[in-house]
file data.cif (mmCIF, N, CA and C atoms)
data_run
loop_
_atom_site.label_atom_id
_atom_site.label_comp_id
_atom_site.auth_asym_id
_atom_site.auth_seq_id
_atom_site.Cartn_x
_atom_site.Cartn_y
_atom_site.Cartn_z
N MET X 1 17.07 -27.72 -59.31
CA MET X 1 17.44 -26.53 -58.60
C MET X 1 16.25 -25.94 -57.87
N THR X 2 15.06 -26.27 -58.30
CA THR X 2 13.92 -25.75 -57.55
C THR X 2 13.65 -26.66 -56.37
N GLN X 3 13.19 -26.06 -55.31
CA GLN X 3 12.83 -26.81 -54.13
C GLN X 3 11.32 -26.82 -54.05
N GLN X 4 10.79 -27.80 -53.35
CA GLN X 4 9.35 -27.94 -53.25
C GLN X 4 8.73 -26.63 -52.79
N GLY X 5 7.74 -26.17 -53.56
CA GLY X 5 7.04 -24.94 -53.21
C GLY X 5 7.75 -23.68 -53.70
N ALA X 6 8.94 -23.81 -54.25
CA ALA X 6 9.70 -22.65 -54.70
C ALA X 6 9.43 -22.41 -56.19
N THR X 7 9.62 -21.16 -56.61
CA THR X 7 9.48 -20.86 -58.02
C THR X 7 10.71 -21.33 -58.76
N LYS X 8 10.56 -21.55 -60.05
CA LYS X 8 11.66 -22.03 -60.88
C LYS X 8 12.76 -20.97 -60.97
N THR X 9 14.00 -21.41 -60.92
CA THR X 9 15.13 -20.50 -61.07
C THR X 9 15.20 -19.98 -62.49
N LYS X 10 15.48 -18.68 -62.62
CA LYS X 10 15.66 -18.06 -63.93
C LYS X 10 17.15 -17.96 -64.20
N LEU X 11 17.60 -18.69 -65.20
CA LEU X 11 19.00 -18.67 -65.59
C LEU X 11 19.12 -17.64 -66.71
N ILE X 12 19.85 -16.59 -66.45
CA ILE X 12 20.09 -15.54 -67.43
C ILE X 12 21.36 -15.92 -68.18
N LEU X 13 21.20 -16.34 -69.43
CA LEU X 13 22.33 -16.77 -70.26
C LEU X 13 22.75 -15.60 -71.14
N ILE X 14 23.95 -15.09 -70.89
CA ILE X 14 24.47 -13.95 -71.64
C ILE X 14 25.58 -14.49 -72.54
N GLU X 15 25.23 -14.72 -73.79
CA GLU X 15 26.11 -15.41 -74.74
C GLU X 15 25.84 -14.88 -76.14
N ASP X 16 26.88 -14.40 -76.82
CA ASP X 16 26.69 -13.81 -78.15
C ASP X 16 26.81 -14.82 -79.29
N GLU X 17 27.29 -16.01 -79.03
CA GLU X 17 27.47 -17.03 -80.06
C GLU X 17 26.21 -17.91 -80.12
N PRO X 18 25.41 -17.80 -81.21
CA PRO X 18 24.16 -18.55 -81.28
C PRO X 18 24.33 -20.07 -81.13
N GLY X 19 25.40 -20.62 -81.67
CA GLY X 19 25.62 -22.06 -81.54
C GLY X 19 25.84 -22.47 -80.08
N HIS X 20 26.59 -21.68 -79.35
CA HIS X 20 26.81 -21.98 -77.93
C HIS X 20 25.50 -21.83 -77.15
N THR X 21 24.72 -20.80 -77.49
CA THR X 21 23.43 -20.62 -76.81
C THR X 21 22.54 -21.83 -77.02
N ARG X 22 22.47 -22.33 -78.26
CA ARG X 22 21.64 -23.51 -78.54
C ARG X 22 22.13 -24.73 -77.76
N LEU X 23 23.44 -24.97 -77.78
CA LEU X 23 23.99 -26.14 -77.08
C LEU X 23 23.75 -26.06 -75.58
N ILE X 24 24.04 -24.91 -75.02
CA ILE X 24 23.87 -24.73 -73.57
C ILE X 24 22.40 -24.90 -73.19
N THR X 25 21.53 -24.23 -73.92
CA THR X 25 20.09 -24.28 -73.61
C THR X 25 19.56 -25.70 -73.75
N LYS X 26 19.86 -26.33 -74.86
CA LYS X 26 19.36 -27.70 -75.12
C LYS X 26 19.79 -28.65 -74.02
N ASN X 27 21.04 -28.60 -73.64
CA ASN X 27 21.56 -29.55 -72.67
C ASN X 27 21.15 -29.22 -71.23
N LEU X 28 21.07 -27.97 -70.89
CA LEU X 28 20.64 -27.61 -69.53
C LEU X 28 19.16 -27.93 -69.33
N MET X 29 18.36 -27.74 -70.36
CA MET X 29 16.92 -28.01 -70.24
C MET X 29 16.67 -29.50 -70.00
N LYS X 30 17.57 -30.36 -70.47
CA LYS X 30 17.42 -31.81 -70.25
C LYS X 30 17.72 -32.19 -68.80
N SER X 31 18.62 -31.45 -68.16
CA SER X 31 19.14 -31.88 -66.87
C SER X 31 18.78 -31.00 -65.68
N ALA X 32 18.57 -29.73 -65.91
CA ALA X 32 18.35 -28.81 -64.79
C ALA X 32 16.96 -28.20 -64.90
N ASP X 33 16.31 -28.05 -63.78
CA ASP X 33 14.96 -27.50 -63.72
C ASP X 33 15.05 -25.98 -63.62
N VAL X 34 15.34 -25.35 -64.76
CA VAL X 34 15.51 -23.90 -64.81
C VAL X 34 14.74 -23.33 -66.00
N GLU X 35 14.40 -22.06 -65.88
CA GLU X 35 13.86 -21.30 -67.01
C GLU X 35 15.03 -20.51 -67.56
N ILE X 36 15.36 -20.69 -68.83
CA ILE X 36 16.51 -20.01 -69.42
C ILE X 36 16.04 -18.81 -70.22
N LEU X 37 16.62 -17.66 -69.88
CA LEU X 37 16.36 -16.42 -70.60
C LEU X 37 17.66 -16.01 -71.29
N PRO X 38 17.76 -16.22 -72.61
CA PRO X 38 19.00 -15.90 -73.32
C PRO X 38 19.07 -14.44 -73.75
N PHE X 39 20.26 -13.87 -73.64
CA PHE X 39 20.53 -12.52 -74.11
C PHE X 39 21.82 -12.58 -74.93
N ASP X 40 21.80 -11.96 -76.12
CA ASP X 40 22.98 -12.02 -76.98
C ASP X 40 23.91 -10.82 -76.84
N THR X 41 23.55 -9.90 -75.96
CA THR X 41 24.46 -8.77 -75.66
C THR X 41 24.41 -8.47 -74.17
N GLY X 42 25.50 -7.91 -73.69
CA GLY X 42 25.54 -7.48 -72.30
C GLY X 42 24.54 -6.37 -72.03
N ARG X 43 24.37 -5.49 -72.99
CA ARG X 43 23.44 -4.37 -72.84
C ARG X 43 22.02 -4.87 -72.60
N LYS X 44 21.57 -5.84 -73.41
CA LYS X 44 20.20 -6.37 -73.25
C LYS X 44 20.02 -7.03 -71.88
N ALA X 45 21.03 -7.75 -71.44
CA ALA X 45 20.93 -8.41 -70.13
C ALA X 45 20.86 -7.37 -69.01
N LEU X 46 21.69 -6.35 -69.09
CA LEU X 46 21.65 -5.30 -68.06
C LEU X 46 20.31 -4.57 -68.06
N GLU X 47 19.74 -4.35 -69.24
CA GLU X 47 18.42 -3.72 -69.33
C GLU X 47 17.37 -4.60 -68.67
N TYR X 48 17.47 -5.92 -68.84
CA TYR X 48 16.55 -6.85 -68.19
C TYR X 48 16.61 -6.66 -66.66
N PHE X 49 17.84 -6.62 -66.13
CA PHE X 49 17.99 -6.46 -64.68
C PHE X 49 17.48 -5.11 -64.20
N GLU X 50 17.63 -4.07 -65.01
CA GLU X 50 17.12 -2.75 -64.64
C GLU X 50 15.59 -2.75 -64.58
N ARG X 51 14.93 -3.54 -65.44
CA ARG X 51 13.47 -3.60 -65.48
C ARG X 51 12.88 -4.53 -64.43
N THR X 52 13.69 -5.42 -63.88
CA THR X 52 13.19 -6.42 -62.94
C THR X 52 13.24 -5.86 -61.52
N PRO X 53 12.10 -5.84 -60.84
CA PRO X 53 12.10 -5.33 -59.46
C PRO X 53 13.04 -6.14 -58.57
N PRO X 54 13.76 -5.48 -57.67
CA PRO X 54 14.71 -6.18 -56.79
C PRO X 54 14.10 -7.37 -56.06
N GLU X 55 12.84 -7.26 -55.66
CA GLU X 55 12.20 -8.36 -54.92
C GLU X 55 11.98 -9.60 -55.80
N ASP X 56 12.11 -9.45 -57.12
CA ASP X 56 11.93 -10.58 -58.03
C ASP X 56 13.26 -11.23 -58.44
N LEU X 57 14.37 -10.75 -57.92
CA LEU X 57 15.69 -11.25 -58.33
C LEU X 57 16.21 -12.41 -57.48
N HIS X 58 15.47 -12.83 -56.47
CA HIS X 58 15.98 -13.83 -55.54
C HIS X 58 16.16 -15.22 -56.17
N ARG X 59 15.56 -15.53 -57.30
CA ARG X 59 15.70 -16.84 -57.93
C ARG X 59 16.41 -16.72 -59.28
N HIS X 60 17.33 -15.80 -59.39
CA HIS X 60 18.07 -15.59 -60.63
C HIS X 60 19.51 -16.08 -60.50
N LEU X 61 20.04 -16.49 -61.62
CA LEU X 61 21.41 -16.95 -61.73
C LEU X 61 21.90 -16.54 -63.11
N VAL X 62 23.14 -16.10 -63.22
CA VAL X 62 23.69 -15.65 -64.50
C VAL X 62 24.78 -16.61 -64.96
N VAL X 63 24.71 -16.99 -66.24
CA VAL X 63 25.81 -17.68 -66.91
C VAL X 63 26.29 -16.69 -67.96
N LEU X 64 27.56 -16.30 -67.85
CA LEU X 64 28.08 -15.14 -68.56
C LEU X 64 29.31 -15.47 -69.40
N ASP X 65 29.24 -15.11 -70.68
CA ASP X 65 30.42 -15.15 -71.55
C ASP X 65 31.18 -13.84 -71.35
N ILE X 66 32.48 -13.88 -71.45
CA ILE X 66 33.28 -12.67 -71.28
C ILE X 66 33.50 -11.94 -72.59
N ASN X 67 33.81 -12.68 -73.63
CA ASN X 67 34.20 -12.09 -74.91
C ASN X 67 32.98 -11.80 -75.77
N MET X 68 32.46 -10.59 -75.61
CA MET X 68 31.29 -10.16 -76.37
C MET X 68 31.53 -8.75 -76.89
N PRO X 69 30.93 -8.43 -78.04
CA PRO X 69 31.07 -7.06 -78.55
C PRO X 69 30.27 -6.07 -77.70
N GLY X 70 30.64 -4.82 -77.77
CA GLY X 70 29.92 -3.79 -77.00
C GLY X 70 30.27 -3.92 -75.53
N ILE X 71 29.26 -4.07 -74.71
CA ILE X 71 29.48 -4.24 -73.28
C ILE X 71 29.92 -5.68 -73.05
N ASP X 72 31.19 -5.87 -72.71
CA ASP X 72 31.71 -7.23 -72.55
C ASP X 72 31.33 -7.81 -71.19
N GLY X 73 31.68 -9.07 -71.00
CA GLY X 73 31.32 -9.76 -69.77
C GLY X 73 31.95 -9.16 -68.53
N PHE X 74 33.15 -8.62 -68.64
CA PHE X 74 33.78 -7.98 -67.49
C PHE X 74 32.92 -6.82 -66.99
N GLU X 75 32.44 -6.02 -67.93
CA GLU X 75 31.63 -4.86 -67.58
C GLU X 75 30.27 -5.30 -67.02
N VAL X 76 29.68 -6.33 -67.61
CA VAL X 76 28.41 -6.86 -67.08
C VAL X 76 28.62 -7.31 -65.64
N LEU X 77 29.68 -8.09 -65.41
CA LEU X 77 29.99 -8.59 -64.08
C LEU X 77 30.19 -7.43 -63.09
N ARG X 78 30.97 -6.44 -63.51
CA ARG X 78 31.25 -5.28 -62.66
C ARG X 78 29.96 -4.56 -62.28
N ARG X 79 29.08 -4.37 -63.25
CA ARG X 79 27.83 -3.65 -62.99
C ARG X 79 26.88 -4.47 -62.11
N LEU X 80 26.78 -5.76 -62.38
CA LEU X 80 25.89 -6.59 -61.56
C LEU X 80 26.35 -6.62 -60.12
N LYS X 81 27.63 -6.85 -59.90
CA LYS X 81 28.15 -6.97 -58.54
C LYS X 81 28.27 -5.62 -57.84
N GLY X 82 28.31 -4.54 -58.63
CA GLY X 82 28.40 -3.21 -58.04
C GLY X 82 27.06 -2.58 -57.73
N ASN X 83 25.98 -3.26 -58.09
CA ASN X 83 24.63 -2.75 -57.86
C ASN X 83 24.03 -3.50 -56.68
N GLU X 84 23.57 -2.76 -55.70
CA GLU X 84 23.02 -3.38 -54.48
C GLU X 84 21.89 -4.37 -54.79
N ALA X 85 21.07 -4.05 -55.79
CA ALA X 85 19.92 -4.91 -56.12
C ALA X 85 20.35 -6.24 -56.73
N THR X 86 21.47 -6.27 -57.45
CA THR X 86 21.88 -7.49 -58.16
C THR X 86 23.17 -8.12 -57.61
N ALA X 87 23.76 -7.52 -56.61
CA ALA X 87 25.05 -7.99 -56.10
C ALA X 87 25.01 -9.44 -55.62
N ALA X 88 23.88 -9.88 -55.09
CA ALA X 88 23.79 -11.24 -54.55
C ALA X 88 23.43 -12.29 -55.62
N VAL X 89 23.13 -11.86 -56.84
CA VAL X 89 22.80 -12.80 -57.91
C VAL X 89 24.08 -13.55 -58.28
N PRO X 90 24.08 -14.89 -58.17
CA PRO X 90 25.28 -15.65 -58.52
C PRO X 90 25.61 -15.53 -60.01
N VAL X 91 26.90 -15.41 -60.31
CA VAL X 91 27.36 -15.31 -61.69
C VAL X 91 28.38 -16.40 -61.94
N ILE X 92 28.08 -17.23 -62.93
CA ILE X 92 29.01 -18.26 -63.40
C ILE X 92 29.56 -17.79 -64.73
N VAL X 93 30.84 -17.54 -64.78
CA VAL X 93 31.48 -17.15 -66.03
C VAL X 93 31.74 -18.44 -66.81
N PHE X 94 31.32 -18.45 -68.07
CA PHE X 94 31.49 -19.61 -68.96
C PHE X 94 32.00 -19.07 -70.28
N THR X 95 33.31 -19.16 -70.47
CA THR X 95 33.95 -18.48 -71.59
C THR X 95 35.13 -19.29 -72.12
N THR X 96 35.63 -18.92 -73.29
CA THR X 96 36.75 -19.65 -73.90
C THR X 96 38.10 -19.21 -73.33
N THR X 97 38.13 -18.08 -72.65
CA THR X 97 39.38 -17.52 -72.13
C THR X 97 39.86 -18.29 -70.91
N ASP X 98 41.12 -18.75 -70.98
CA ASP X 98 41.68 -19.42 -69.80
C ASP X 98 42.95 -18.74 -69.31
N HIS X 99 43.10 -17.46 -69.65
CA HIS X 99 44.28 -16.71 -69.21
C HIS X 99 44.15 -16.41 -67.72
N PRO X 100 45.19 -16.72 -66.93
CA PRO X 100 45.12 -16.53 -65.48
C PRO X 100 44.75 -15.10 -65.05
N ASP X 101 45.22 -14.09 -65.78
CA ASP X 101 44.90 -12.70 -65.41
C ASP X 101 43.41 -12.43 -65.55
N GLU X 102 42.80 -12.97 -66.59
CA GLU X 102 41.37 -12.75 -66.80
C GLU X 102 40.54 -13.53 -65.78
N ILE X 103 41.00 -14.72 -65.43
CA ILE X 103 40.31 -15.51 -64.40
C ILE X 103 40.36 -14.77 -63.06
N ARG X 104 41.55 -14.28 -62.69
CA ARG X 104 41.69 -13.52 -61.43
C ARG X 104 40.80 -12.28 -61.46
N ARG X 105 40.77 -11.61 -62.60
CA ARG X 105 39.94 -10.40 -62.72
C ARG X 105 38.47 -10.72 -62.48
N CYS X 106 37.99 -11.81 -63.04
CA CYS X 106 36.58 -12.18 -62.85
C CYS X 106 36.28 -12.46 -61.38
N TYR X 107 37.16 -13.19 -60.72
CA TYR X 107 36.93 -13.47 -59.30
C TYR X 107 37.01 -12.19 -58.47
N ARG X 108 37.94 -11.29 -58.82
CA ARG X 108 38.02 -10.00 -58.11
C ARG X 108 36.74 -9.19 -58.29
N GLU X 109 36.14 -9.28 -59.46
CA GLU X 109 34.91 -8.54 -59.76
C GLU X 109 33.68 -9.20 -59.14
N GLY X 110 33.83 -10.42 -58.57
CA GLY X 110 32.71 -11.04 -57.87
C GLY X 110 32.14 -12.29 -58.49
N ALA X 111 32.78 -12.86 -59.53
CA ALA X 111 32.28 -14.11 -60.11
C ALA X 111 32.23 -15.19 -59.04
N ASN X 112 31.20 -16.02 -59.10
CA ASN X 112 31.06 -17.11 -58.14
C ASN X 112 31.72 -18.39 -58.62
N LEU X 113 31.87 -18.54 -59.93
CA LEU X 113 32.50 -19.72 -60.53
C LEU X 113 32.99 -19.34 -61.91
N TYR X 114 34.12 -19.90 -62.31
CA TYR X 114 34.69 -19.62 -63.63
C TYR X 114 34.92 -20.95 -64.34
N LEU X 115 34.23 -21.16 -65.46
CA LEU X 115 34.38 -22.38 -66.25
C LEU X 115 34.88 -22.01 -67.64
N VAL X 116 35.80 -22.83 -68.16
CA VAL X 116 36.34 -22.60 -69.50
C VAL X 116 35.59 -23.48 -70.49
N LYS X 117 35.14 -22.87 -71.59
CA LYS X 117 34.48 -23.61 -72.67
C LYS X 117 35.55 -24.36 -73.46
N PRO X 118 35.48 -25.66 -73.49
CA PRO X 118 36.44 -26.41 -74.31
C PRO X 118 36.12 -26.21 -75.80
N MET X 119 37.11 -26.32 -76.63
CA MET X 119 36.92 -26.18 -78.07
C MET X 119 36.37 -27.48 -78.67
N ASP X 120 36.66 -28.60 -78.07
CA ASP X 120 36.21 -29.91 -78.53
C ASP X 120 34.74 -30.10 -78.15
N TYR X 121 33.92 -30.57 -79.10
CA TYR X 121 32.48 -30.72 -78.86
C TYR X 121 32.19 -31.65 -77.69
N THR X 122 32.86 -32.80 -77.63
CA THR X 122 32.61 -33.76 -76.56
C THR X 122 32.97 -33.16 -75.20
N ALA X 123 34.10 -32.49 -75.13
CA ALA X 123 34.51 -31.85 -73.88
C ALA X 123 33.56 -30.72 -73.51
N PHE X 124 33.06 -30.00 -74.51
CA PHE X 124 32.08 -28.94 -74.28
C PHE X 124 30.83 -29.54 -73.65
N GLN X 125 30.40 -30.68 -74.19
CA GLN X 125 29.22 -31.38 -73.68
C GLN X 125 29.42 -31.80 -72.21
N VAL X 126 30.60 -32.32 -71.91
CA VAL X 126 30.91 -32.74 -70.54
C VAL X 126 30.87 -31.53 -69.60
N THR X 127 31.39 -30.42 -70.04
CA THR X 127 31.38 -29.21 -69.22
C THR X 127 29.96 -28.72 -68.97
N ILE X 128 29.11 -28.79 -69.98
CA ILE X 128 27.70 -28.39 -69.79
C ILE X 128 27.01 -29.35 -68.83
N ASP X 129 27.34 -30.65 -68.93
CA ASP X 129 26.77 -31.62 -67.98
C ASP X 129 27.21 -31.28 -66.55
N PHE X 130 28.48 -30.88 -66.39
CA PHE X 130 28.97 -30.46 -65.07
C PHE X 130 28.20 -29.23 -64.59
N LEU X 131 27.98 -28.28 -65.50
CA LEU X 131 27.23 -27.08 -65.16
C LEU X 131 25.81 -27.46 -64.72
N ALA X 132 25.18 -28.36 -65.45
CA ALA X 132 23.82 -28.81 -65.09
C ALA X 132 23.81 -29.46 -63.71
N ALA X 133 24.81 -30.30 -63.43
CA ALA X 133 24.89 -30.95 -62.11
C ALA X 133 25.10 -29.89 -61.03
N THR X 134 25.93 -28.91 -61.30
CA THR X 134 26.17 -27.83 -60.35
C THR X 134 24.87 -27.08 -60.06
N LEU X 135 24.12 -26.77 -61.12
CA LEU X 135 22.86 -26.06 -60.96
C LEU X 135 21.86 -26.87 -60.14
N THR X 136 21.87 -28.16 -60.32
CA THR X 136 20.96 -29.03 -59.58
C THR X 136 21.29 -29.03 -58.09
N MET X 137 22.56 -28.92 -57.76
CA MET X 137 22.99 -28.95 -56.36
C MET X 137 22.97 -27.59 -55.67
N MET X 138 23.03 -26.51 -56.47
CA MET X 138 23.06 -25.17 -55.90
C MET X 138 21.77 -24.83 -55.19
N ARG X 139 21.88 -24.04 -54.16
CA ARG X 139 20.71 -23.50 -53.46
C ARG X 139 20.80 -21.99 -53.50
N LEU X 140 19.71 -21.38 -53.93
CA LEU X 140 19.64 -19.93 -53.99
C LEU X 140 18.70 -19.43 -52.90
N PRO X 141 18.92 -18.20 -52.47
CA PRO X 141 18.03 -17.65 -51.43
C PRO X 141 16.60 -17.48 -51.95
#
call {"tool": "encode", "arguments": {"input": "data.cif", "output": "structure tokens"}}
result
Amino acid sequence: MTQQGATKTKLILIEDEPGHTRLITKNLMKSADVEILPFDTGRKALEYFERTPPEDLHRHLVVLDINMPGIDGFEVLRRLKGNEATAAVPVIVFTTTDHPDEIRRCYREGANLYLVKPMDYTAFQVTIDFLAATLTMMRLP
């Protein structure tokens, strides 16, 4: 995902399930050239964005779980896309929910991609590999 002379992309992983965080991080680090910053709550992730100067956000990407305690992924997505400083940061929703209403809601709120976490380990692995390939092909400003 990095281009020659560019700084490494910072992938902000907002995931409250430690096992999913480990799997995602382990597998993305093998395939994608990204720096992963994990956050286990929406509140902590939003605080990170509040502390980061807008001029430093150009190489950021968010992978977001929806079902989290406290500030859920819908609210994180709404706040990121509703803030001028973070509105252009791409957000990939990666969650277990596959209900059409929730998918539509995420896209309405500004999600750039919606992926469903499979319950099966092998399928989960394939989905992470797809995510890694997507990250490798994506270009950020």
call {"tool": "select_by_dssp", "arguments": {"input": "data.cif", "residues": "segment 5-141 of chain X", "states": "strand (DSSP E)", "output": "list in words"}}
result
Thr9, Lys10, Leu11, Ile12, Leu13, Ile14, Val34, Glu35, Ile36, Leu37, Pro38, Phe39, His60, Leu61, Val62, Val63, Leu64, Val91, Ile92, Val93, Phe94, Thr95, Leu113, Tyr114, Leu115 and Val116 of chain X
call {"tool": "write_last_selection", "arguments": {"input": "data.cif", "atoms": "N, CA and C atoms", "output": "short mmCIF file (atom, residue, chain, number, x, y, z; two decimals), in the coordinates of the input"}}
result
data_model
loop_
_atom_site.label_atom_id
_atom_site.label_comp_id
_atom_site.auth_asym_id
_atom_site.auth_seq_id
_atom_site.Cartn_x
_atom_site.Cartn_y
_atom_site.Cartn_z
N THR X 9 14.00 -21.41 -60.92
CA THR X 9 15.13 -20.50 -61.07
C THR X 9 15.20 -19.98 -62.49
N LYS X 10 15.48 -18.68 -62.62
CA LYS X 10 15.66 -18.06 -63.93
C LYS X 10 17.15 -17.96 -64.20
N LEU X 11 17.60 -18.69 -65.20
CA LEU X 11 19.00 -18.67 -65.59
C LEU X 11 19.12 -17.64 -66.71
N ILE X 12 19.85 -16.59 -66.45
CA ILE X 12 20.09 -15.54 -67.43
C ILE X 12 21.36 -15.92 -68.18
N LEU X 13 21.20 -16.34 -69.43
CA LEU X 13 22.33 -16.77 -70.26
C LEU X 13 22.75 -15.60 -71.14
N ILE X 14 23.95 -15.09 -70.89
CA ILE X 14 24.47 -13.95 -71.64
C ILE X 14 25.58 -14.49 -72.54
N VAL X 34 15.34 -25.35 -64.76
CA VAL X 34 15.51 -23.90 -64.81
C VAL X 34 14.74 -23.33 -66.00
N GLU X 35 14.40 -22.06 -65.88
CA GLU X 35 13.86 -21.30 -67.01
C GLU X 35 15.03 -20.51 -67.56
N ILE X 36 15.36 -20.69 -68.83
CA ILE X 36 16.51 -20.01 -69.42
C ILE X 36 16.04 -18.81 -70.22
N LEU X 37 16.62 -17.66 -69.88
CA LEU X 37 16.36 -16.42 -70.60
C LEU X 37 17.66 -16.01 -71.29
N PRO X 38 17.76 -16.22 -72.61
CA PRO X 38 19.00 -15.90 -73.32
C PRO X 38 19.07 -14.44 -73.75
N PHE X 39 20.26 -13.87 -73.64
CA PHE X 39 20.53 -12.52 -74.11
C PHE X 39 21.82 -12.58 -74.93
N HIS X 60 17.33 -15.80 -59.39
CA HIS X 60 18.07 -15.59 -60.63
C HIS X 60 19.51 -16.08 -60.50
N LEU X 61 20.04 -16.49 -61.62
CA LEU X 61 21.41 -16.95 -61.73
C LEU X 61 21.90 -16.54 -63.11
N VAL X 62 23.14 -16.10 -63.22
CA VAL X 62 23.69 -15.65 -64.50
C VAL X 62 24.78 -16.61 -64.96
N VAL X 63 24.71 -16.99 -66.24
CA VAL X 63 25.81 -17.68 -66.91
C VAL X 63 26.29 -16.69 -67.96
N LEU X 64 27.56 -16.30 -67.85
CA LEU X 64 28.08 -15.14 -68.56
C LEU X 64 29.31 -15.47 -69.40
N VAL X 91 26.90 -15.41 -60.31
CA VAL X 91 27.36 -15.31 -61.69
C VAL X 91 28.38 -16.40 -61.94
N ILE X 92 28.08 -17.23 -62.93
CA ILE X 92 29.01 -18.26 -63.40
C ILE X 92 29.56 -17.79 -64.73
N VAL X 93 30.84 -17.54 -64.78
CA VAL X 93 31.48 -17.15 -66.03
C VAL X 93 31.74 -18.44 -66.81
N PHE X 94 31.32 -18.45 -68.07
CA PHE X 94 31.49 -19.61 -68.96
C PHE X 94 32.00 -19.07 -70.28
N THR X 95 33.31 -19.16 -70.47
CA THR X 95 33.95 -18.48 -71.59
C THR X 95 35.13 -19.29 -72.12
N LEU X 113 31.87 -18.54 -59.93
CA LEU X 113 32.50 -19.72 -60.53
C LEU X 113 32.99 -19.34 -61.91
N TYR X 114 34.12 -19.90 -62.31
CA TYR X 114 34.69 -19.62 -63.63
C TYR X 114 34.92 -20.95 -64.34
N LEU X 115 34.23 -21.16 -65.46
CA LEU X 115 34.38 -22.38 -66.25
C LEU X 115 34.88 -22.01 -67.64
N VAL X 116 35.80 -22.83 -68.16
CA VAL X 116 36.34 -22.60 -69.50
C VAL X 116 35.59 -23.48 -70.49
#
call {"tool": "residues_around", "arguments": {"input": "data.cif", "residues": "segment 113-116 of chain X", "least_positions_apart": "6", "cutoff": "6.5 Å", "atoms": "only N, CA and C atoms", "output": "list in words"}}
result
Val91, Ile92, Val93, Phe94, Thr95, Thr96, Thr97 and Asp98 of chain X
call {"tool": "axis_aligned_box", "arguments": {"input": "data.cif", "around": "segment 119-131 of chain X", "padding_each_side": "3 Å", "output": "lines of an AutoDock Vina configuration file"}}
result
center_x = 31.5
center_y = -30.0
center_z = -71.8
size_x = 17.3
size_y = 13.6
size_z = 20.5
call {"tool": "resolve_selection", "arguments": {"input": "data.cif", "expression": "the PyMOL selection byres ((chain X and resi 34-49) around 8)", "output": "NGL selection string"}}
result
:X and (1-2 or 8-18 or 21 or 25 or 28-33 or 50-54 or 68-73 or 75-76 or 79-80 or 86)
call {"tool": "atom_distance", "arguments": {"input": "data.cif", "atom1": "atom CA of Gly110 of chain X", "atom2": "atom CA of Leu23 of chain X"}}
result
25.9 Å
call {"tool": "atom_distance", "arguments": {"input": "data.cif", "atom1": "atom N of Val89 of chain X", "atom2": "atom CA of Asp129 of chain X"}}
result
23.0 Å
call {"tool": "select_by_dssp", "arguments": {"input": "data.cif", "residues": "chain X", "states": "alpha helix (DSSP H)", "output": "PyMOL selection string"}}
result
chain X and resi 18-31+42-51+73-82+100-109+121-137
call {"tool": "atom_distance", "arguments": {"input": "data.cif", "atom1": "atom C of Asp56 of chain X", "atom2": "atom N of Pro90 of chain X"}}
result
11.4 Å
call {"tool": "decode", "arguments": {"input": "data.cif", "residues": "segment 78-87 of chain X", "atoms": "N, CA, C and O atoms", "output": "CSV table (one decimal), in the first residue's frame"}}
result
chain,number,residue,atom,x,y,z
X,78,ARG,N,-20.2,7.7,12.0
X,78,ARG,CA,-20.9,8.9,11.9
X,78,ARG,C,-20.0,10.1,12.3
X,78,ARG,O,-19.9,11.1,11.6
X,79,ARG,N,-19.3,9.9,13.4
X,79,ARG,CA,-18.4,11.0,13.8
X,79,ARG,C,-17.2,11.2,12.9
X,79,ARG,O,-16.8,12.4,12.6
X,80,LEU,N,-16.6,10.2,12.4
X,80,LEU,CA,-15.5,10.3,11.5
X,80,LEU,C,-15.9,11.0,10.2
X,80,LEU,O,-15.3,11.9,9.7
X,81,LYS,N,-17.0,10.6,9.6
X,81,LYS,CA,-17.5,11.1,8.3
X,81,LYS,C,-18.1,12.5,8.5
X,81,LYS,O,-18.2,13.2,7.5
X,82,GLY,N,-18.5,12.8,9.7
X,82,GLY,CA,-19.2,14.1,9.9
X,82,GLY,C,-18.2,15.2,10.3
X,82,GLY,O,-18.5,16.3,10.5
X,83,ASN,N,-16.9,14.8,10.5
X,83,ASN,CA,-15.9,15.8,10.9
X,83,ASN,C,-15.0,16.1,9.6
X,83,ASN,O,-14.5,15.2,9.0
X,84,GLU,N,-14.9,17.4,9.3
X,84,GLU,CA,-14.2,17.8,8.1
X,84,GLU,C,-12.8,17.2,8.1
X,84,GLU,O,-12.3,16.9,7.1
X,85,ALA,N,-12.1,17.2,9.3
X,85,ALA,CA,-10.7,16.7,9.3
X,85,ALA,C,-10.6,15.2,9.0
X,85,ALA,O,-9.6,14.8,8.4
X,86,THR,N,-11.6,14.4,9.3
X,86,THR,CA,-11.5,12.9,9.1
X,86,THR,C,-12.4,12.4,8.0
X,86,THR,O,-12.4,11.2,7.8
X,87,ALA,N,-13.2,13.2,7.4
X,87,ALA,CA,-14.2,12.8,6.5
X,87,ALA,C,-13.7,12.0,5.3
X,87,ALA,O,-14.3,11.1,4.8
